[in-house]
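Asks: This is structure19.cif (mmCIF, C-alpha atoms and all ligand atoms).
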```
data_start
#
loop_
_atom_site.label_atom_id
_atom_site.label_comp_id
_atom_site.auth_asym_id
_atom_site.auth_seq_id
_atom_site.Cartn_x
_atom_site.Cartn_y
_atom_site.Cartn_z
CA MET A 5 51.13 13.99 25.00
CA THR A 6 52.82 14.28 21.60
CA GLU A 7 50.69 15.48 18.68
CA PRO A 8 50.85 13.45 15.48
CA PRO A 9 52.59 15.39 12.74
CA PHE A 10 50.34 16.60 9.93
CA ILE A 11 51.10 15.89 6.28
CA PRO A 12 49.60 17.38 3.11
CA TYR A 13 46.59 15.59 1.63
CA ARG A 14 45.81 16.57 -1.99
CA PRO A 15 43.77 13.89 -3.72
CA PRO A 16 43.25 14.81 -7.37
CA ARG A 17 39.96 16.59 -8.04
CA ILE A 18 37.93 14.62 -10.57
CA PRO A 19 36.12 16.78 -13.16
CA GLU A 20 32.34 16.76 -12.69
CA PRO A 21 31.25 14.71 -15.70
CA GLU A 22 33.72 11.97 -14.80
CA LEU A 23 32.75 12.20 -11.13
CA LEU A 24 29.11 11.57 -12.02
CA GLU A 25 29.99 8.74 -14.36
CA ARG A 26 32.06 7.11 -11.63
CA ALA A 27 29.22 7.59 -9.15
CA GLN A 28 26.82 5.76 -11.48
CA LEU A 29 29.27 2.97 -12.34
CA PHE A 30 30.11 2.29 -8.71
CA TYR A 31 26.44 2.28 -7.79
CA GLU A 32 25.75 -0.27 -10.54
CA LEU A 33 28.66 -2.42 -9.40
CA MET A 34 27.44 -2.43 -5.80
CA ASP A 35 23.79 -2.84 -6.72
CA GLY A 36 24.87 -6.11 -8.33
CA ARG A 37 26.09 -7.46 -4.97
CA ARG A 38 24.01 -10.14 -3.35
CA THR A 39 24.41 -12.00 -0.10
CA VAL A 40 25.10 -15.62 -1.00
CA ARG A 41 24.47 -18.87 0.87
CA MET A 42 25.27 -21.30 -1.97
CA PHE A 43 29.01 -21.43 -2.62
CA SER A 44 31.39 -23.23 -4.96
CA PRO A 45 34.32 -25.12 -3.39
CA ASP A 46 36.63 -23.64 -6.06
CA PRO A 47 39.85 -22.27 -4.57
CA VAL A 48 40.41 -18.54 -4.08
CA PRO A 49 43.98 -17.25 -3.70
CA ARG A 50 44.87 -16.35 -0.13
CA GLU A 51 46.35 -13.10 -1.43
CA ALA A 52 42.89 -11.94 -2.54
CA ILE A 53 41.62 -12.34 1.03
CA GLU A 54 44.69 -10.53 2.35
CA ARG A 55 44.11 -7.58 -0.03
CA ALA A 56 40.45 -7.40 1.03
CA ILE A 57 41.48 -7.31 4.69
CA ALA A 58 44.10 -4.64 3.98
CA THR A 59 41.34 -2.64 2.26
CA ALA A 60 38.93 -3.15 5.18
CA SER A 61 41.60 -1.98 7.57
CA THR A 62 41.72 1.40 5.79
CA ALA A 63 38.35 2.14 7.45
CA PRO A 64 38.08 5.19 9.68
CA SER A 65 37.85 4.28 13.36
CA GLY A 66 37.25 6.00 16.68
CA ALA A 67 40.49 7.75 17.72
CA HIS A 68 42.16 5.75 14.92
CA ARG A 69 42.35 2.70 17.17
CA GLN A 70 41.50 0.25 14.33
CA PRO A 71 39.83 -1.97 16.91
CA TRP A 72 39.56 -5.12 14.78
CA THR A 73 41.13 -8.48 14.04
CA PHE A 74 40.31 -10.50 10.91
CA VAL A 75 40.92 -14.21 11.52
CA VAL A 76 41.41 -16.10 8.23
CA ILE A 77 40.50 -19.79 8.22
CA GLY A 78 41.33 -22.11 5.34
CA GLU A 79 41.92 -25.30 7.30
CA ALA A 80 39.22 -27.96 6.82
CA GLY A 81 39.28 -29.14 10.46
CA VAL A 82 38.67 -25.65 11.83
CA LYS A 83 35.92 -25.01 9.26
CA ARG A 84 34.24 -28.23 10.40
CA GLN A 85 34.50 -27.20 14.07
CA ILE A 86 32.92 -23.84 13.23
CA ARG A 87 30.13 -25.46 11.22
CA GLU A 88 29.34 -27.94 13.98
CA ALA A 89 29.23 -25.29 16.70
CA ALA A 90 27.22 -22.85 14.53
CA GLU A 91 24.68 -25.51 13.59
CA GLU A 92 24.29 -26.55 17.21
CA GLU A 93 23.40 -22.98 18.17
CA GLU A 94 21.11 -22.55 15.17
CA ARG A 95 19.26 -25.80 15.94
CA THR A 96 18.41 -24.29 19.32
CA ASN A 97 17.21 -21.16 17.49
CA TYR A 98 15.15 -22.72 14.69
CA GLU A 99 14.08 -26.08 16.14
CA GLY A 100 14.42 -25.46 19.89
CA GLY A 101 12.15 -22.41 19.93
CA ARG A 102 14.79 -19.81 20.84
CA LEU A 103 13.89 -17.63 17.80
CA PRO A 104 10.94 -15.44 18.77
CA ASP A 105 7.93 -15.70 16.39
CA ASP A 106 8.36 -12.22 14.94
CA TRP A 107 11.99 -12.96 14.11
CA ARG A 108 11.10 -16.32 12.53
CA GLU A 109 8.49 -14.57 10.36
CA ALA A 110 10.98 -11.87 9.32
CA LEU A 111 13.44 -14.56 8.17
CA GLU A 112 10.92 -16.61 6.21
CA PRO A 113 11.49 -14.83 2.86
CA LEU A 114 15.22 -15.57 3.16
CA GLY A 115 14.64 -19.31 3.50
CA THR A 116 17.32 -19.73 6.18
CA ASP A 117 17.43 -22.73 8.50
CA SER A 118 19.86 -24.39 10.91
CA HIS A 119 21.89 -26.07 8.15
CA LYS A 120 25.13 -24.23 7.46
CA GLU A 121 26.99 -26.60 5.11
CA PHE A 122 28.45 -23.60 3.29
CA LEU A 123 30.79 -23.21 6.27
CA GLU A 124 32.62 -26.34 5.10
CA ILE A 125 32.23 -25.77 1.35
CA VAL A 126 33.84 -22.33 1.11
CA PRO A 127 37.59 -22.06 0.58
CA TRP A 128 37.83 -19.36 3.25
CA ILE A 129 36.05 -18.17 6.37
CA VAL A 130 36.98 -14.82 7.85
CA VAL A 131 35.83 -14.05 11.38
CA LEU A 132 35.88 -10.40 12.27
CA PHE A 133 36.51 -9.61 15.94
CA GLU A 134 35.97 -6.23 17.58
CA HIS A 135 38.37 -5.06 20.27
CA ARG A 136 36.23 -4.10 23.26
CA TYR A 137 39.37 -2.46 24.65
CA GLY A 138 43.05 -2.30 23.70
CA PHE A 139 46.39 -2.08 25.43
CA ASP A 140 49.01 0.62 25.88
CA SER A 141 52.63 -0.14 25.02
CA ASP A 142 53.20 -0.97 28.72
CA GLY A 143 50.34 -3.46 28.66
CA THR A 144 47.78 -1.42 30.60
CA ARG A 145 44.19 -1.42 29.37
CA ARG A 146 43.26 1.37 26.98
CA LYS A 147 39.71 2.37 26.08
CA ASN A 148 38.49 2.12 22.50
CA TYR A 149 35.81 4.42 21.08
CA TYR A 150 32.87 3.84 18.75
CA VAL A 151 33.90 0.22 18.38
CA LYS A 152 30.70 -1.07 16.74
CA GLU A 153 30.60 1.84 14.30
CA SER A 154 34.29 1.41 13.41
CA VAL A 155 34.10 -2.35 12.93
CA GLY A 156 30.83 -2.02 10.99
CA ILE A 157 32.50 0.36 8.53
CA ALA A 158 35.50 -2.01 8.18
CA CYS A 159 33.08 -4.88 7.55
CA GLY A 160 31.36 -2.85 4.82
CA LEU A 161 34.65 -2.10 3.12
CA PHE A 162 35.58 -5.79 3.32
CA ILE A 163 32.34 -6.85 1.64
CA THR A 164 32.82 -4.16 -1.02
CA ALA A 165 36.42 -5.26 -1.72
CA LEU A 166 35.32 -8.89 -2.12
CA HIS A 167 32.48 -7.98 -4.46
CA GLN A 168 34.79 -5.87 -6.57
CA MET A 169 36.94 -9.04 -7.08
CA GLY A 170 33.90 -11.07 -8.13
CA LEU A 171 33.85 -12.99 -4.85
CA ALA A 172 30.73 -13.66 -2.84
CA THR A 173 30.15 -13.61 0.88
CA LEU A 174 27.51 -13.69 3.58
CA THR A 175 27.53 -11.46 6.64
CA HIS A 176 26.75 -14.31 8.97
CA THR A 177 26.07 -13.89 12.66
CA PRO A 178 25.52 -17.37 14.06
CA SER A 179 23.79 -16.61 17.28
CA PRO A 180 25.19 -16.57 19.92
CA MET A 181 28.75 -16.27 18.60
CA ALA A 182 30.78 -16.76 21.77
CA PHE A 183 31.97 -20.19 20.55
CA LEU A 184 34.16 -18.41 17.98
CA THR A 185 36.31 -16.85 20.70
CA LYS A 186 37.02 -20.33 22.06
CA VAL A 187 37.47 -22.20 18.78
CA LEU A 188 39.79 -19.50 17.41
CA ARG A 189 41.52 -18.91 20.78
CA ARG A 190 41.09 -15.14 20.72
CA PRO A 191 42.04 -13.04 23.76
CA GLU A 192 39.54 -11.75 26.31
CA ASN A 193 39.41 -8.22 24.88
CA GLU A 194 38.10 -9.45 21.51
CA ARG A 195 34.47 -10.23 20.75
CA PRO A 196 33.11 -11.81 17.54
CA PHE A 197 31.40 -9.23 15.31
CA ALA A 198 30.59 -11.27 12.19
CA LEU A 199 31.59 -14.42 10.37
CA LEU A 200 32.08 -14.20 6.60
CA PRO A 201 32.28 -17.33 4.44
CA ILE A 202 33.99 -16.37 1.17
CA GLY A 203 34.14 -18.01 -2.24
CA TYR A 204 32.62 -17.99 -5.71
CA PRO A 205 28.88 -18.48 -5.91
CA ALA A 206 27.87 -22.08 -6.74
CA PRO A 207 26.99 -22.61 -10.44
CA ASP A 208 23.36 -23.24 -9.39
CA CYS A 209 23.36 -20.39 -6.83
CA GLU A 210 20.01 -18.74 -6.18
CA VAL A 211 19.24 -15.74 -4.01
CA PRO A 212 15.93 -14.40 -2.71
CA ASP A 213 14.14 -12.13 -5.19
CA LEU A 214 14.55 -8.99 -3.11
CA THR A 215 14.21 -5.38 -4.16
CA ARG A 216 16.02 -2.49 -2.56
CA LYS A 217 14.32 0.62 -1.28
CA PRO A 218 14.32 3.40 -3.88
CA LEU A 219 16.36 6.49 -3.13
CA ASP A 220 13.35 8.55 -2.07
CA GLN A 221 12.68 6.07 0.74
CA VAL A 222 16.18 6.16 2.15
CA MET A 223 17.10 9.78 1.58
CA VAL A 224 15.64 13.07 2.78
CA ALA A 225 16.87 16.33 1.30
CA ILE A 226 16.22 19.40 3.43
N1 LIG A 301 21.56 -16.39 12.79
C1 LIG A 301 20.51 -17.15 12.13
C2 LIG A 301 19.28 -16.35 11.90
C3 LIG A 301 19.35 -15.19 10.96
C4 LIG A 301 19.14 -13.92 11.44
C5 LIG A 301 19.09 -12.85 10.60
I1 LIG A 301 18.64 -11.01 11.35
C6 LIG A 301 19.30 -13.01 9.22
O1 LIG A 301 19.24 -11.91 8.35
C7 LIG A 301 19.49 -14.28 8.72
C8 LIG A 301 19.55 -15.37 9.61
C9 LIG A 301 21.02 -17.83 10.87
O2 LIG A 301 22.14 -17.55 10.47
O3 LIG A 301 20.33 -18.65 10.28
#
```
As a first step, turn the structure in this file into structure tokens.
Ligand code: IYR
Replies:
Amino acid sequence: MTEPPFIPYRPPRIPEPELLERAQLFYELMDGRRTVRMFSPDPVPREAIERAIATASTAPSGAHRQPWTFVVIGEAGVKRQIREAAEEEERTNYEGGRLPDDWREALEPLGTDSHKEFLEIVPWIVVLFEHRYGFDSDGTRRKNYYVKESVGIACGLFITALHQMGLATLTHTPSPMAFLTKVLRRPENERPFALLPIGYPAPDCEVPDLTRKPLDQVMVAI
């Protein structure tokens, strides 16, 4: 087993007043993020999506396995296939009684239903796959660690990068998601984690009037 070499890491130390100002500004930027379901068809450069994925892929991961694949879809035919398959599943959920009552009630304030036209409207869909396991250089199976945690962090960075560019997204989990493996022809070791439609918000975009928990409800200092 060869150890990785170590290299110096000396990020500049930011003086305290500037540190606090940055903390506040970044909070305000992120507090302005909203999950969007009403998108504009306006084009978004592919490079912006690529930069966001590169950013997401800087996420820490168990044993530095980076157990993720971001599939980028801009082709209308594939977007249509995804919409059709997602809506079929969601019809079973919403209209076919697969959503349990408590879940249906929890979703009511969000106003969601089985219609997912945004999947065809957006310029881009990114589907994030988690690698349940990986492969050694000789092709033998290799375990991954903390896959959900790692991919969840990468997903968070992705959403943050998009918001920072003024782009909107939705962390969508059409349920069940197995159809994505087939439609996108992903290998057996990959499992869909989330589907993210990406674009500018529609000019008439509305979002639920939600409030976020105040700090004292999400933080305990001991
Ligand atoms: N997957 C369904 C239902 C849904 C579930 C949760 I949890 C949400 O926060 C929102 C929707 C749908 O996409 O409509």
Asks: Dig up all the protein and nucleic acid residues within 6 Å of (39.2, -25.2, -3.5) in the file frame, using only C-alpha atoms, and format them as a ChimeraX atom specification.
Replies: /A:45-47,127
Asks: What are the closest atom pairs, with distances in Å to one decimal, for all residues of chain A lying within 9 Å of ligand LIG 301 (chain A)? Consider only C-alpha atoms and all ligand atoms, order rows by chain and residue number, and present the result as JSON lines.
Replies:
```
{"residue": "A:Ala90", "atom": "CA", "partner": "A:LIG301", "partner_atom": "O2", "distance": 8.4}
{"residue": "A:Glu91", "atom": "CA", "partner": "A:LIG301", "partner_atom": "O3", "distance": 8.8}
{"residue": "A:Glu93", "atom": "CA", "partner": "A:LIG301", "partner_atom": "N1", "distance": 8.7}
{"residue": "A:Glu94", "atom": "CA", "partner": "A:LIG301", "partner_atom": "C1", "distance": 6.2}
{"residue": "A:Asn97", "atom": "CA", "partner": "A:LIG301", "partner_atom": "C1", "distance": 7.5}
{"residue": "A:Tyr98", "atom": "CA", "partner": "A:LIG301", "partner_atom": "O3", "distance": 7.9}
{"residue": "A:Leu103", "atom": "CA", "partner": "A:LIG301", "partner_atom": "C2", "distance": 8.1}
{"residue": "A:Trp107", "atom": "CA", "partner": "A:LIG301", "partner_atom": "I1", "distance": 7.5}
{"residue": "A:Arg108", "atom": "CA", "partner": "A:LIG301", "partner_atom": "C2", "distance": 8.2}
{"residue": "A:Ala110", "atom": "CA", "partner": "A:LIG301", "partner_atom": "I1", "distance": 8.0}
{"residue": "A:Leu111", "atom": "CA", "partner": "A:LIG301", "partner_atom": "C7", "distance": 6.1}
{"residue": "A:Leu114", "atom": "CA", "partner": "A:LIG301", "partner_atom": "C7", "distance": 7.1}
{"residue": "A:Gly115", "atom": "CA", "partner": "A:LIG301", "partner_atom": "C7", "distance": 8.7}
{"residue": "A:Thr116", "atom": "CA", "partner": "A:LIG301", "partner_atom": "O3", "distance": 5.2}
{"residue": "A:Asp117", "atom": "CA", "partner": "A:LIG301", "partner_atom": "O3", "distance": 5.3}
{"residue": "A:Ser118", "atom": "CA", "partner": "A:LIG301", "partner_atom": "O3", "distance": 5.8}
{"residue": "A:His119", "atom": "CA", "partner": "A:LIG301", "partner_atom": "O3", "distance": 7.9}
{"residue": "A:Lys120", "atom": "CA", "partner": "A:LIG301", "partner_atom": "O3", "distance": 7.9}
{"residue": "A:Thr175", "atom": "CA", "partner": "A:LIG301", "partner_atom": "O1", "distance": 8.5}
{"residue": "A:His176", "atom": "CA", "partner": "A:LIG301", "partner_atom": "O2", "distance": 5.8}
{"residue": "A:Thr177", "atom": "CA", "partner": "A:LIG301", "partner_atom": "N1", "distance": 5.2}
{"residue": "A:Pro178", "atom": "CA", "partner": "A:LIG301", "partner_atom": "N1", "distance": 4.3}
{"residue": "A:Ser179", "atom": "CA", "partner": "A:LIG301", "partner_atom": "N1", "distance": 5.0}
{"residue": "A:Pro180", "atom": "CA", "partner": "A:LIG301", "partner_atom": "N1", "distance": 8.0}
```
Asks: If we count all atoms listed in the file and set the cut-off at 12 Å, which residues sit around stretch 194-198 of chain A, ignoring sequence neighbours fewer than 6 positions away in its own chain? Please answer as a PyMOL selection string.
Replies: chain A and resi 71-75+129-139+148+151-160+162-163+173-188
Asks: Go ahead and compute the interatomic distance for atom CA of A:Lys147 and atom CA of A:Arg189, in Å to one decimal.
Replies: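 Atom-to-atom, atom CA of A:Lys147 to atom CA of A:Arg189, that is 22.0 Å.
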Asks: Between atom CA of A:Asp35 and atom CA of A:Pro205, what is the spacing in Å?
Replies: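 So the two atoms, atom CA of A:Pro205 and atom CA of A:Asp35, lie 16.5 Å apart.
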Asks: Could you work out how far atom CA of A:Gln85 lies from atom CA of A:Pro49, giving the answer in Å with one decimal?
Replies: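 Between atom CA of A:Pro49 and atom CA of A:Gln85 the gap works out to 22.5 Å.
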Asks: With 10 Å as the threshold, what does the neighbourhood of (38.8, -25.2, 9.8) contain in terms of residues, counting all atoms listed in the file? Coordinates are those of the file; answer as a ChimeraX atom specification.
Replies: /A:76-87,123-124,127-129,187-188
Asks: Just to be explicit: take each residue in the selection above, keep C-alpha atoms, and write the result as a PDB file, keeping the file's coordinate frame.
Replies:
```pdb
ATOM      1  CA  VAL A  76      41.410 -16.100   8.230  1.00  0.00           C
ATOM      2  CA  ILE A  77      40.500 -19.790   8.220  1.00  0.00           C
ATOM      3  CA  GLY A  78      41.330 -22.110   5.340  1.00  0.00           C
ATOM      4  CA  GLU A  79      41.920 -25.300   7.300  1.00  0.00           C
ATOM      5  CA  ALA A  80      39.220 -27.960   6.820  1.00  0.00           C
ATOM      6  CA  GLY A  81      39.280 -29.140  10.460  1.00  0.00           C
ATOM      7  CA  VAL A  82      38.670 -25.650  11.830  1.00  0.00           C
ATOM      8  CA  LYS A  83      35.920 -25.010   9.260  1.00  0.00           C
ATOM      9  CA  ARG A  84      34.240 -28.230  10.400  1.00  0.00           C
ATOM     10  CA  GLN A  85      34.500 -27.200  14.070  1.00  0.00           C
ATOM     11  CA  ILE A  86      32.920 -23.840  13.230  1.00  0.00           C
ATOM     12  CA  ARG A  87      30.130 -25.460  11.220  1.00  0.00           C
ATOM     13  CA  LEU A 123      30.790 -23.210   6.270  1.00  0.00           C
ATOM     14  CA  GLU A 124      32.620 -26.340   5.100  1.00  0.00           C
ATOM     15  CA  PRO A 127      37.590 -22.060   0.580  1.00  0.00           C
ATOM     16  CA  TRP A 128      37.830 -19.360   3.250  1.00  0.00           C
ATOM     17  CA  ILE A 129      36.050 -18.170   6.370  1.00  0.00           C
ATOM     18  CA  VAL A 187      37.470 -22.200  18.780  1.00  0.00           C
ATOM     19  CA  LEU A 188      39.790 -19.500  17.410  1.00  0.00           C
TER      20      LEU A 188
END
```
Asks: Would you compute, for all listed atoms of stretch 173-184 of chain A, the axis-aligned bounding box grown by 8 Å on each side, and then report its centre and edge lengths in Å rounded to one decimal, as JSON?
Replies:
```
{"center_x": 29.0, "center_y": -15.8, "center_z": 11.3, "size_x": 26.4, "size_y": 24.7, "size_z": 36.9}
```
